[in-house]
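*Asks:* Mind looking over this structure? Questions follow.
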Amino acid sequence: MVASILLMVLHSFVPFPAEFVAIANGMCFRLFWGTVITWGAMMGALLAFALSRRFGRPLAERLVAHKNWNNVDDWIARYGGNGIFLSRFIPIIAIYLINYAAGLTKVQYWTFTWTTGLGILPMTTLMVLLGSEMHELSIYSWLLVAAAGLAIWLMVNRIIVKRAQFVGTLVQRR
C-alpha cells in the first residue's frame with residue numbers, strides 16, 4: 001500500500017500514466033481500499049501546488065508582465081474553484097500540470113484541495129473499479145472498453161489538430 005501511495009505522489013513530479021497504478025490498486029486492494037490508496041495522489045497534488053506557490057509564482061512574476069497576472073488573478077477570483085474542478089474532467093490536460101498552474105495563481109489552498117479531491121475521485125474510482133472487476137469482464141466487455149478508448153482518443157486527437165490548425169491560421173495572419 002505504501003509503495004502504491006508513493007507512486008501516486010511521484011506522479012505529480014514524474015509524468016507517467018497513473019491510470020495503470022489505479023487499475024493495479026483495484027486488482028490488489030479491490031474497490032474501496034484501492035480507491036482510498038489511489039486517492040493518495042492528493043498528497044502529491046498538494047505538494048506540487050505548495051512548491052509551485054512558494055517558488056513558481058515569484059519566478060513567473062519576474063517573467064510575465066504585471067498586467068497579465070492581474071487578468072489571471074481576476075479570472076481565478078471569479079471562476080477559480082469551478083475552473084480547477086472542471087479542468088480535472090478534461091482528459092487532454094495532465095493532472096499534474098493543473099496542480100502546478102493552480103499554484104501559480106492566488107487560488108486558496110482549501111479551494112484547490114476540495115476541487116482536486118472531488119475532481120479526481122470519479123476517474124480514480126472508475127480506474128480502480130476496472131482493475132477490481134478485471135477478472136470478471138468478458139472479452140466483449142474488453143473490446144467495448146478498447147473501442148470506447150479508441151473513439152475518445154480519435155475525438156481528442158481531432159480536436160487538438162483543429163485547434164492547432166486554428167492557431168496556425170492566427171499566427172499566419174500576424
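Lettering and numbering for the C-alpha cells are positional, with chains as A, B, ... in the shown order, residues counted from 1 in each chain, and ligands counted from 1 in the shown order.
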Extract, using only C-alpha atoms, all DNA, RNA and protein residues at most 12 Å from Ala18 in chain A, discarding same-chain residues fewer than 6 positions from it, and format them as a PyMOL selection string.
*Replies:* chain A and resi 4-12+24-25+38-41+94-96+120+123-124+127-128
*Asks:* Counting only C-alpha atoms, figure out which residue out of A:Leu130, A:Ile93, A:Ala77, A:Ala65 gets nearest to Val21 in chain A.
*Replies:*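 Using only C-alpha atoms, Val21 in chain A sits closest to A:Leu130.
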*Asks:* If you measure from CA of Phe85 in chain A to CA of Gly119 in chain A, what distance in Å do you get, rounded to one decimal?
*Replies:*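 Between these atoms lies a distance of 5.3 Å.
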*Asks:* Report as a PyMOL selection string all protein, DNA and RNA residues lying within 9 Å of Gly83 in chain A, evaluated on only C-alpha atoms, omitting residues in the same chain fewer than 5 positions from it.
*Replies:* chain A and resi 76+88+115
